[in-house]
>>> print(open('my_file-v3.tsv').read())   # TSV, C-alpha atoms
chain	number	residue	atom	x	y	z
A	28	MET	CA	-173.15	141.77	-45.29
A	29	ILE	CA	-171.60	144.78	-43.58
A	30	VAL	CA	-168.01	145.68	-44.46
A	31	ALA	CA	-165.83	147.74	-42.14
A	32	LEU	CA	-163.27	149.34	-44.44
A	33	ASP	CA	-160.08	151.02	-43.24
A	34	ALA	CA	-160.28	154.52	-44.76
A	35	GLN	CA	-157.73	156.26	-42.53
A	36	LEU	CA	-155.39	157.05	-45.43
A	37	THR	CA	-158.14	159.16	-47.00
A	38	VAL	CA	-157.54	161.73	-44.24
A	39	GLY	CA	-155.76	164.77	-45.64
A	40	THR	CA	-154.42	164.54	-49.19
A	41	ALA	CA	-154.85	160.95	-50.31
A	42	THR	CA	-152.08	159.24	-52.27
A	43	GLY	CA	-152.10	155.71	-53.71
A	44	ALA	CA	-153.52	153.62	-50.86
A	45	GLY	CA	-155.81	156.45	-49.78
A	46	VAL	CA	-157.16	156.84	-53.32
A	47	TYR	CA	-157.71	153.08	-53.38
A	48	ALA	CA	-159.73	153.15	-50.14
A	49	ARG	CA	-161.78	156.17	-51.21
A	50	ASP	CA	-162.68	154.92	-54.66
A	51	LEU	CA	-163.26	151.31	-53.61
A	52	THR	CA	-165.72	152.50	-50.96
A	53	GLU	CA	-167.70	154.42	-53.57
A	54	ALA	CA	-167.64	151.52	-56.04
A	55	LEU	CA	-168.81	148.97	-53.46
A	56	ARG	CA	-171.63	151.24	-52.32
A	57	ALA	CA	-172.67	151.64	-55.95
A	58	GLN	CA	-173.24	147.88	-55.90
A	59	SER	CA	-175.44	148.17	-52.80
A	60	ILE	CA	-172.85	146.81	-50.38
A	61	ASP	CA	-173.08	148.26	-46.88
A	62	VAL	CA	-169.63	149.76	-46.31
A	63	ARG	CA	-168.70	151.43	-43.03
A	64	ALA	CA	-165.67	153.61	-43.85
A	65	LEU	CA	-163.59	153.80	-40.67
A	66	ARG	CA	-161.43	156.89	-40.17
A	67	ALA	CA	-160.35	159.38	-37.52
A	68	PRO	CA	-160.15	162.80	-39.22
A	69	TRP	CA	-158.26	164.28	-36.26
A	70	LEU	CA	-155.39	161.76	-36.54
A	71	ASP	CA	-152.47	162.41	-38.91
A	72	PRO	CA	-151.94	159.08	-40.74
A	73	TRP	CA	-148.45	160.05	-41.92
A	74	ARG	CA	-146.77	160.14	-38.51
A	75	PHE	CA	-145.45	156.70	-37.61
A	76	ASP	CA	-146.64	156.69	-34.00
A	77	ARG	CA	-150.14	157.77	-34.99
A	78	ARG	CA	-150.27	155.23	-37.80
A	79	VAL	CA	-149.49	152.47	-35.30
A	80	LEU	CA	-152.08	153.88	-32.88
A	81	TRP	CA	-154.68	153.71	-35.64
A	82	ASP	CA	-153.72	150.27	-36.93
A	83	GLN	CA	-153.40	148.53	-33.58
A	84	VAL	CA	-155.83	150.32	-31.26
A	85	LEU	CA	-158.37	152.60	-32.92
A	86	LEU	CA	-159.08	150.53	-36.04
A	87	PRO	CA	-159.89	147.24	-34.27
A	88	ILE	CA	-162.05	149.09	-31.74
A	89	ALA	CA	-163.92	150.91	-34.54
A	90	ALA	CA	-164.35	147.66	-36.46
A	91	ALA	CA	-165.74	145.85	-33.41
A	92	ARG	CA	-168.21	148.68	-32.77
A	93	SER	CA	-169.36	148.87	-36.39
A	94	ASN	CA	-171.33	145.61	-36.23
A	95	ALA	CA	-169.55	144.64	-39.45
A	96	THR	CA	-169.39	141.14	-40.85
A	97	LEU	CA	-165.77	141.56	-41.88
A	98	LEU	CA	-162.91	144.06	-41.92
A	99	HIS	CA	-161.10	145.09	-45.09
A	100	ALA	CA	-157.62	146.41	-44.25
A	101	THR	CA	-157.07	148.50	-47.38
A	102	ALA	CA	-153.84	150.22	-46.30
A	103	GLY	CA	-151.70	147.11	-46.36
A	104	THR	CA	-151.41	147.01	-42.56
A	105	LEU	CA	-153.34	144.73	-40.21
A	106	PRO	CA	-154.30	144.95	-36.55
A	107	PHE	CA	-152.49	142.17	-34.74
A	108	VAL	CA	-155.62	141.42	-32.70
A	109	ARG	CA	-158.87	141.09	-34.63
A	110	THR	CA	-162.36	140.01	-33.65
A	111	ILE	CA	-163.93	139.58	-37.11
A	112	PRO	CA	-162.78	137.97	-40.38
A	113	THR	CA	-160.28	140.18	-42.16
A	114	VAL	CA	-159.28	140.80	-45.77
A	115	VAL	CA	-156.05	142.68	-46.44
A	116	THR	CA	-154.96	144.36	-49.65
A	117	VAL	CA	-151.22	144.02	-50.15
A	118	HIS	CA	-150.35	146.84	-52.52
A	119	ASP	CA	-146.67	145.98	-52.76
A	120	LEU	CA	-143.76	144.44	-50.89
A	121	ALA	CA	-141.62	147.57	-51.10
A	122	TRP	CA	-140.75	147.37	-47.41
A	123	HIS	CA	-138.97	144.11	-48.20
A	124	ARG	CA	-137.40	145.19	-51.47
A	125	ALA	CA	-136.88	148.93	-51.84
A	126	GLN	CA	-136.94	150.73	-48.50
A	127	SER	CA	-133.50	150.03	-47.05
A	128	HIS	CA	-132.94	153.78	-46.68
A	129	THR	CA	-135.79	154.14	-44.15
A	130	ARG	CA	-135.61	153.90	-40.36
A	131	ALA	CA	-135.22	150.43	-38.84
A	132	TYR	CA	-138.37	150.65	-36.70
A	133	ALA	CA	-140.48	151.44	-39.79
A	134	ARG	CA	-138.97	148.53	-41.72
A	135	ILE	CA	-139.70	146.19	-38.80
A	136	TYR	CA	-143.31	147.33	-38.43
A	137	PHE	CA	-144.34	147.62	-42.07
A	138	GLY	CA	-142.12	144.75	-43.16
A	139	ASN	CA	-141.45	141.95	-40.70
A	140	LEU	CA	-144.38	142.35	-38.31
A	141	GLN	CA	-146.97	142.87	-41.03
A	142	ALA	CA	-145.64	139.87	-42.93
A	143	ARG	CA	-146.44	137.74	-39.89
A	144	ALA	CA	-149.90	139.28	-39.59
A	145	TYR	CA	-150.70	138.63	-43.26
A	146	ARG	CA	-150.45	134.90	-42.64
A	147	HIS	CA	-153.46	135.11	-40.31
A	148	ALA	CA	-155.71	137.11	-42.64
A	149	HIS	CA	-158.74	135.29	-44.03
A	150	ALA	CA	-158.01	136.50	-47.57
A	151	ILE	CA	-155.23	138.35	-49.39
A	152	ILE	CA	-155.86	140.70	-52.31
A	153	CYS	CA	-152.91	141.84	-54.42
A	154	ASP	CA	-152.98	144.77	-56.85
A	155	SER	CA	-151.13	142.91	-59.61
A	156	HIS	CA	-149.81	139.51	-60.64
A	157	PHE	CA	-146.35	140.88	-59.93
A	158	THR	CA	-147.26	141.63	-56.31
A	159	ALA	CA	-148.94	138.24	-55.94
A	160	THR	CA	-145.71	136.59	-57.07
A	161	GLU	CA	-143.72	138.77	-54.67
A	162	TYR	CA	-146.08	137.77	-51.86
A	163	LYS	CA	-145.57	134.07	-52.53
A	164	THR	CA	-141.80	134.57	-52.80
A	165	LEU	CA	-141.31	136.76	-49.74
A	166	ILE	CA	-144.18	135.94	-47.37
A	167	ASP	CA	-145.91	132.62	-47.94
A	168	PRO	CA	-145.15	130.22	-50.81
A	169	ASN	CA	-148.35	128.31	-50.06
A	170	ALA	CA	-150.64	131.34	-50.24
A	171	ASN	CA	-153.18	131.88	-52.98
A	172	PRO	CA	-153.73	135.65	-53.14
A	173	THR	CA	-156.48	137.05	-55.34
A	174	VAL	CA	-155.25	139.50	-57.98
A	175	ILE	CA	-157.55	142.48	-58.50
A	176	HIS	CA	-156.30	145.49	-60.41
A	177	PRO	CA	-157.53	148.67	-58.70
A	178	GLY	CA	-159.75	150.92	-60.73
A	179	VAL	CA	-158.89	154.39	-61.97
A	180	ASP	CA	-161.19	157.31	-61.22
A	181	PRO	CA	-163.44	157.67	-64.32
A	182	ARG	CA	-162.79	161.41	-64.33
A	183	PHE	CA	-159.43	160.73	-66.03
A	184	ALA	CA	-161.25	159.41	-69.09
A	185	THR	CA	-163.10	162.72	-69.42
A	186	ILE	CA	-159.95	164.86	-69.57
A	187	GLU	CA	-159.74	166.76	-72.83
A	188	ARG	CA	-156.21	166.84	-74.11
A	189	HIS	CA	-154.71	170.15	-75.27
A	190	PRO	CA	-150.92	169.80	-74.87
A	191	ASP	CA	-148.90	172.94	-74.30
A	192	GLU	CA	-146.89	174.20	-77.22
A	193	ASN	CA	-143.85	174.35	-74.95
A	194	PRO	CA	-143.33	170.71	-73.98
A	195	PHE	CA	-143.23	169.37	-70.45
A	196	ALA	CA	-143.17	165.88	-69.00
A	197	LEU	CA	-145.40	165.05	-66.03
A	198	VAL	CA	-144.11	162.79	-63.23
A	199	VAL	CA	-146.71	161.77	-60.62
A	200	GLY	CA	-145.92	160.14	-57.30
A	201	THR	CA	-144.06	160.48	-54.03
A	202	VAL	CA	-140.56	161.86	-54.58
A	203	GLU	CA	-138.62	158.97	-53.07
A	204	PRO	CA	-135.69	156.82	-54.21
A	205	ARG	CA	-137.67	153.93	-55.70
A	206	LYS	CA	-139.58	156.37	-57.92
A	207	ASN	CA	-136.21	157.14	-59.54
A	208	LEU	CA	-136.75	160.77	-60.56
A	209	ALA	CA	-132.98	161.27	-60.71
A	210	ILE	CA	-132.67	159.32	-63.98
A	211	LEU	CA	-134.92	161.92	-65.63
A	212	ILE	CA	-132.70	164.77	-64.50
A	213	GLU	CA	-129.92	163.30	-66.63
A	214	ALA	CA	-132.30	163.20	-69.60
A	215	LEU	CA	-133.40	166.76	-68.87
A	216	ALA	CA	-129.81	167.95	-69.24
A	217	ALA	CA	-129.66	166.43	-72.72
A	218	ILE	CA	-132.98	167.90	-73.96
A	219	PRO	CA	-132.86	171.70	-73.56
A	220	THR	CA	-136.44	172.24	-74.78
A	221	LEU	CA	-137.99	170.05	-72.07
A	222	ARG	CA	-139.36	170.86	-68.62
A	223	ILE	CA	-140.31	168.35	-65.94
A	224	ILE	CA	-143.20	168.92	-63.53
A	225	SER	CA	-143.27	166.51	-60.60
A	226	VAL	CA	-146.32	166.27	-58.33
A	227	GLY	CA	-146.49	164.26	-55.14
A	228	PRO	CA	-145.32	164.45	-51.54
A	229	PRO	CA	-141.60	165.08	-51.05
A	230	THR	CA	-139.13	163.09	-48.97
A	231	PRO	CA	-135.47	163.89	-48.25
A	232	TYR	CA	-134.74	162.37	-51.68
A	233	ALA	CA	-136.25	165.51	-53.23
A	234	GLN	CA	-133.25	167.47	-51.99
A	235	GLU	CA	-130.91	165.01	-53.67
A	236	VAL	CA	-132.80	165.50	-56.93
A	237	LYS	CA	-132.55	169.27	-56.61
A	238	ARG	CA	-128.82	169.09	-55.96
A	239	GLN	CA	-128.36	166.93	-59.02
A	240	ALA	CA	-130.43	169.34	-61.12
A	241	ALA	CA	-128.34	172.28	-59.89
A	242	GLU	CA	-125.10	170.47	-60.74
A	243	LEU	CA	-126.38	169.81	-64.27
A	244	HIS	CA	-127.68	173.40	-64.58
A	245	VAL	CA	-131.31	172.35	-65.17
A	246	LEU	CA	-132.87	173.38	-61.86
A	247	ASP	CA	-134.81	176.13	-63.65
A	248	ARG	CA	-136.54	173.46	-65.77
A	249	LEU	CA	-137.47	171.22	-62.84
A	250	ASP	CA	-140.69	172.03	-60.97
A	251	LEU	CA	-141.28	169.97	-57.81
A	252	ARG	CA	-144.80	171.03	-56.89
A	253	GLY	CA	-145.58	168.67	-54.02
A	254	TYR	CA	-149.25	168.02	-53.44
A	255	VAL	CA	-151.66	169.50	-55.98
A	256	THR	CA	-155.43	169.64	-56.03
A	257	GLN	CA	-157.49	167.25	-58.11
A	258	ALA	CA	-158.32	170.06	-60.53
A	259	GLU	CA	-154.64	171.00	-60.86
A	260	LEU	CA	-153.66	167.39	-61.53
A	261	ASP	CA	-156.33	167.02	-64.21
A	262	ASP	CA	-155.12	170.23	-65.85
A	263	LEU	CA	-151.55	168.92	-65.91
A	264	TYR	CA	-152.67	165.66	-67.52
A	265	ALA	CA	-154.55	167.71	-70.13
A	266	ARG	CA	-151.50	169.84	-70.98
A	267	ALA	CA	-148.55	167.47	-70.57
A	268	THR	CA	-146.61	166.35	-73.60
A	269	CYS	CA	-146.02	162.99	-71.96
A	270	ALA	CA	-146.04	161.18	-68.62
A	271	LEU	CA	-142.87	159.53	-67.36
A	272	ILE	CA	-142.85	156.65	-64.88
A	273	PRO	CA	-139.23	155.60	-64.23
A	274	SER	CA	-139.90	153.69	-60.98
A	275	ARG	CA	-137.64	150.86	-59.97
A	276	TYR	CA	-140.40	149.20	-57.94
A	277	GLU	CA	-144.21	149.42	-58.05
A	278	GLY	CA	-146.93	147.14	-56.77
A	279	PHE	CA	-149.48	148.53	-59.21
A	280	GLY	CA	-148.57	151.86	-60.78
A	281	TYR	CA	-151.35	154.44	-60.46
A	282	ALA	CA	-149.30	157.05	-62.33
A	283	LEU	CA	-149.11	154.83	-65.40
A	284	ALA	CA	-152.72	153.65	-65.21
A	285	GLU	CA	-154.00	157.23	-64.84
A	286	ALA	CA	-151.92	158.46	-67.78
A	287	MET	CA	-153.23	155.62	-69.94
A	288	CYS	CA	-156.84	156.38	-69.00
A	289	ALA	CA	-156.31	160.10	-69.65
A	290	GLY	CA	-154.87	159.43	-73.10
A	291	VAL	CA	-151.44	160.87	-72.28
A	292	PRO	CA	-148.42	159.44	-74.11
A	293	ALA	CA	-146.45	157.55	-71.47
A	294	ILE	CA	-143.01	156.03	-71.08
A	295	ALA	CA	-142.35	153.64	-68.21
A	296	ALA	CA	-139.59	151.56	-66.67
A	297	ASP	CA	-139.43	147.88	-67.53
A	298	SER	CA	-139.69	146.96	-63.88
A	299	SER	CA	-142.06	145.29	-61.43
A	300	SER	CA	-145.79	145.70	-62.10
A	301	LEU	CA	-145.28	148.39	-64.74
A	302	ILE	CA	-144.53	145.68	-67.31
A	303	GLU	CA	-147.90	144.09	-66.56
A	304	LEU	CA	-149.81	147.36	-66.88
A	305	ALA	CA	-148.02	148.56	-70.00
A	306	THR	CA	-148.95	145.59	-72.15
A	307	ILE	CA	-152.23	146.38	-73.88
A	308	THR	CA	-151.72	144.84	-77.32
A	309	PRO	CA	-148.51	144.38	-79.34
A	310	GLU	CA	-149.61	147.27	-81.55
A	311	ALA	CA	-150.51	149.56	-78.63
A	312	ALA	CA	-148.00	149.10	-75.86
A	313	ILE	CA	-146.31	151.62	-73.58
A	314	PRO	CA	-142.57	151.97	-74.31
A	315	LEU	CA	-140.60	150.30	-71.51
A	316	LEU	CA	-137.02	151.26	-70.68
A	317	PRO	CA	-134.36	150.11	-68.22
A	318	PRO	CA	-134.75	152.28	-65.10
A	319	THR	CA	-130.99	152.92	-64.93
A	320	ASP	CA	-130.30	153.77	-68.58
A	321	ALA	CA	-130.32	157.57	-68.91
A	322	SER	CA	-129.43	157.41	-72.60
A	323	ALA	CA	-132.44	155.22	-73.36
A	324	TRP	CA	-134.74	157.63	-71.51
A	325	THR	CA	-133.22	160.58	-73.34
A	326	ASP	CA	-133.72	158.93	-76.73
A	327	ALA	CA	-137.31	157.86	-75.98
A	328	ILE	CA	-138.33	161.29	-74.70
A	329	ARG	CA	-136.68	163.00	-77.66
A	330	ALA	CA	-138.49	160.63	-80.05
A	331	THR	CA	-141.81	161.52	-78.42
A	332	LEU	CA	-141.11	165.24	-78.72
A	333	ASN	CA	-140.16	164.83	-82.38
A	334	ALA	CA	-143.36	162.92	-83.23
A	335	ARG	CA	-145.94	164.35	-80.87
A	336	ASP	CA	-148.96	163.71	-83.12
A	337	ALA	CA	-148.05	160.06	-83.62
A	338	ALA	CA	-147.45	159.61	-79.89
A	339	GLN	CA	-150.84	161.12	-79.16
A	340	GLN	CA	-152.55	158.85	-81.66
A	341	ARG	CA	-151.05	155.78	-79.97
A	342	ALA	CA	-152.09	157.08	-76.54
A	343	THR	CA	-155.65	157.60	-77.75
A	344	LYS	CA	-155.79	153.99	-78.98
A	345	ILE	CA	-154.52	152.76	-75.63
A	346	LYS	CA	-157.03	154.87	-73.71
A	347	GLU	CA	-160.19	152.97	-74.62
A	348	THR	CA	-158.77	149.62	-73.58
A	349	ALA	CA	-157.24	151.07	-70.41
A	350	VAL	CA	-160.51	152.68	-69.28
A	351	ASN	CA	-162.28	149.33	-69.53
A	352	ARG	CA	-159.39	147.44	-67.97
A	353	PHE	CA	-159.19	149.72	-64.94
A	354	ALA	CA	-162.92	150.16	-64.28
A	355	TRP	CA	-163.81	150.43	-60.59
A	356	SER	CA	-167.04	148.53	-61.19
A	357	THR	CA	-165.00	145.47	-62.19
A	358	ALA	CA	-162.67	145.81	-59.21
A	359	ALA	CA	-165.61	146.18	-56.82
A	360	THR	CA	-167.35	143.09	-58.20
A	361	LYS	CA	-164.23	140.97	-57.78
A	362	THR	CA	-163.63	142.36	-54.28
A	363	ALA	CA	-167.21	141.55	-53.27
A	364	GLU	CA	-166.63	137.97	-54.44
A	365	VAL	CA	-163.70	137.73	-52.02
A	366	TYR	CA	-165.91	139.05	-49.21
A	367	ALA	CA	-168.58	136.47	-50.00
A	368	ARG	CA	-166.08	133.62	-49.75
A	369	ILE	CA	-165.06	134.46	-46.19
A	370	ALA	CA	-168.32	135.88	-44.83
A	371	PRO	CA	-171.21	134.42	-46.85
>>> encode(input="my_file-v3.tsv", output="structure tokens")
Amino acid sequence: MIVALDAQLTVGTATGAGVYARDLTEALRAQSIDVRALRAPWLDPWRFDRRVLWDQVLLPIAAARSNATLLHATAGTLPFVRTIPTVVTVHDLAWHRAQSHTRAYARIYFGNLQARAYRHAHAIICDSHFTATEYKTLIDPNANPTVIHPGVDPRFATIERHPDENPFALVVGTVEPRKNLAILIEALAAIPTLRIISVGPPTPYAQEVKRQAAELHVLDRLDLRGYVTQAELDDLYARATCALIPSRYEGFGYALAEAMCAGVPAIAADSSSLIELATITPEAAIPLLPPTDASAWTDAIRATLNARDAAQQRATKIKETAVNRFAWSTAATKTAEVYARIAP
């Protein structure tokens, strides 16, 4: 079997779907699967016109030329014309649920048109049971998607924790409305000893967050760093007092999974797939809060700051289970089983 795998989102600084493509490629190759990672390093994947050019022209041409048995569309977008069996990973249905603020042409392409294309894929992989349910609700009630939790880079398990004496909360992910950073600014105003460091690509929403922080006189305790290197991110996970994941909508939740695997005390929203990820055991569960309740977030963060040793002990207990749960070897094995069903 030869697998052509869409790796275009690994170009530049990879975020969620790019990390997924990169790490899945490595994990599949570790199991002796012949993976042809398809990418055009000269093409910016974050410009809409170039993304469409890749998806609809360059990717199908590259797949046809690769002599592959099947194509794995890892970015959640499919070519409309395909010449070989295709698997698609649907990371989330945010374009149907949480992206009303974006441009109409993007919503049509990533939402309506891709929904039609999904129906013609040979197999659907979803990152979580939540996303699988969303898929059946929004796209195809008769579908039977395969749920495979993505893995987490094993380097997170090797991070040695040494939290800073001066506390800060780490928020990882694109600064966009559904990630809900604004709710934490309200908590920041109520906890004068806390800083927030946010890492991830900005959108116009970042300016709204800054304006809110300025109005509440906490802009000096908010650090929007944008992209950071892998080494910088690991250092932040090592030093953070806690990780905060207040998202209103996630299809998986890399920020939460990474924090759990790094042994960082985490607090998450009781929304979407985060509920699924947060439940380890009744004795070792991530605190879940309403994404719109600033008082609840303030109280939970303050409680963590006031009992840092106990919070760290709970995070350490969660870590071992999380590392096993989010192993890339497991995800690769399950993904290979999907391949074998459609291209034996």
>>> residues_around(input="my_file-v3.tsv", residues="Ala214 in chain A", least_positions_apart="5", cutoff="8 Å", atoms="all atoms listed in the file", output="short mmCIF file (atom, residue, chain, number, x, y, z; two decimals) with C-alpha atoms, in the frame of the given file")
data_model
loop_
_atom_site.label_atom_id
_atom_site.label_comp_id
_atom_site.auth_asym_id
_atom_site.auth_seq_id
_atom_site.Cartn_x
_atom_site.Cartn_y
_atom_site.Cartn_z
CA ALA A 321 -130.32 157.57 -68.91
CA SER A 322 -129.43 157.41 -72.60
CA TRP A 324 -134.74 157.63 -71.51
CA THR A 325 -133.22 160.58 -73.34
#
>>> atom_distance(input="my_file-v3.tsv", atom1="CA of Ala354 in chain A", atom2="CA of Asp167 in chain A")
29.4 Å
>>> residues_around(input="my_file-v3.tsv", residues="range 203-213 of chain A", least_positions_apart="2", cutoff="7 Å", atoms="only C-alpha atoms", output="list in words")
Ala125, Thr201, Leu215, Ala216, Ala217, Thr230, Tyr232, Ala233, Val236, Ala240, Pro273, Ser274, Arg275, Tyr276, Thr319 and Ala321 of chain A
>>> closest_residue(input="my_file-v3.tsv", among="A:Asp326, A:Thr360, A:Ala184, A:Tyr254", to="Ala286 in chain A", atoms="only C-alpha atoms")
A:Ala184
>>> atom_distance(input="my_file-v3.tsv", atom1="CA of Ile345 in chain A", atom2="CA of Glu303 in chain A")
14.2 Å
>>> residues_near_point(input="my_file-v3.tsv", point="(-158.8, 158.5, -41.5)", cutoff="10 Å", atoms="all atoms listed in the file", output="list in words")
Asp33, Ala34, Gln35, Leu36, Thr37, Val38, Gly39, Ala41, Gly45, Ala64, Leu65, Arg66, Ala67, Pro68, Trp69, Leu70, Asp71, Pro72, Arg78, Trp81 and Leu86 of chain A
>>> decode(input="my_file-v3.tsv", residues="range 263-330 of chain A", atoms="C-alpha atoms", output="compact mmCIF listing (two decimals), in the first residue's frame")
# COMPACT_ATOMS: atom_id res chain seq x y z
CA LEU A 263 6.24 27.93 28.45
CA TYR A 264 4.60 24.60 29.29
CA ALA A 265 7.44 23.93 31.74
CA ARG A 266 7.02 27.28 33.50
CA ALA A 267 3.27 27.95 33.35
CA THR A 268 1.20 27.85 36.50
CA CYS A 269 -1.73 26.50 34.53
CA ALA A 270 -3.14 26.15 31.02
CA LEU A 271 -6.51 27.67 30.19
CA ILE A 272 -8.72 26.42 27.36
CA PRO A 273 -11.94 28.50 27.31
CA SER A 274 -12.99 27.59 23.74
CA ARG A 275 -16.63 27.63 22.78
CA TYR A 276 -16.06 25.08 20.01
CA GLU A 277 -13.35 22.48 19.37
CA GLY A 278 -13.26 19.36 17.24
CA PHE A 279 -10.46 17.83 19.29
CA GLY A 280 -8.56 20.25 21.50
CA TYR A 281 -4.79 20.02 21.02
CA ALA A 282 -4.17 22.71 23.64
CA LEU A 283 -5.88 20.63 26.31
CA ALA A 284 -4.35 17.32 25.22
CA GLU A 285 -0.84 18.83 25.14
CA ALA A 286 -1.24 20.38 28.59
CA MET A 287 -2.43 17.05 29.99
CA CYS A 288 0.52 15.20 28.46
CA ALA A 289 2.95 17.83 29.77
CA GLY A 290 1.57 17.56 33.29
CA VAL A 291 0.33 21.16 33.41
CA PRO A 292 -2.71 21.93 35.58
CA ALA A 293 -5.49 22.77 33.14
CA ILE A 294 -8.93 24.35 33.23
CA ALA A 295 -11.22 23.99 30.22
CA ALA A 296 -14.64 25.00 28.97
CA ASP A 297 -17.47 22.50 29.28
CA SER A 298 -18.06 22.64 25.56
CA SER A 299 -17.78 20.47 22.46
CA SER A 300 -14.97 17.90 22.41
CA LEU A 301 -13.24 19.35 25.48
CA ILE A 302 -15.70 17.47 27.69
CA GLU A 303 -14.65 14.21 26.05
CA LEU A 304 -10.93 14.89 26.46
CA ALA A 305 -11.16 16.16 30.03
CA THR A 306 -12.70 13.02 31.47
CA ILE A 307 -9.88 10.76 32.60
CA THR A 308 -11.29 9.25 35.79
CA PRO A 309 -13.73 10.73 38.33
CA GLU A 310 -10.79 11.27 40.68
CA ALA A 311 -8.56 12.85 38.03
CA ALA A 312 -10.64 15.06 35.79
CA ILE A 313 -9.95 18.47 34.31
CA PRO A 314 -12.17 21.20 35.82
CA LEU A 315 -14.79 22.23 33.26
CA LEU A 316 -16.49 25.63 33.33
CA PRO A 317 -19.18 27.41 31.32
CA PRO A 318 -17.38 29.32 28.55
CA THR A 319 -19.42 32.48 29.25
CA ASP A 320 -19.16 32.61 33.05
CA ALA A 321 -16.32 34.98 33.94
CA SER A 322 -16.94 34.58 37.66
CA ALA A 323 -16.54 30.81 37.45
CA TRP A 324 -13.26 31.20 35.56
CA THR A 325 -12.04 33.75 38.10
CA ASP A 326 -12.85 31.46 41.02
CA ALA A 327 -11.27 28.38 39.40
CA ILE A 328 -8.06 30.20 38.48
CA ARG A 329 -7.82 31.75 41.93
CA ALA A 330 -8.32 28.31 43.52
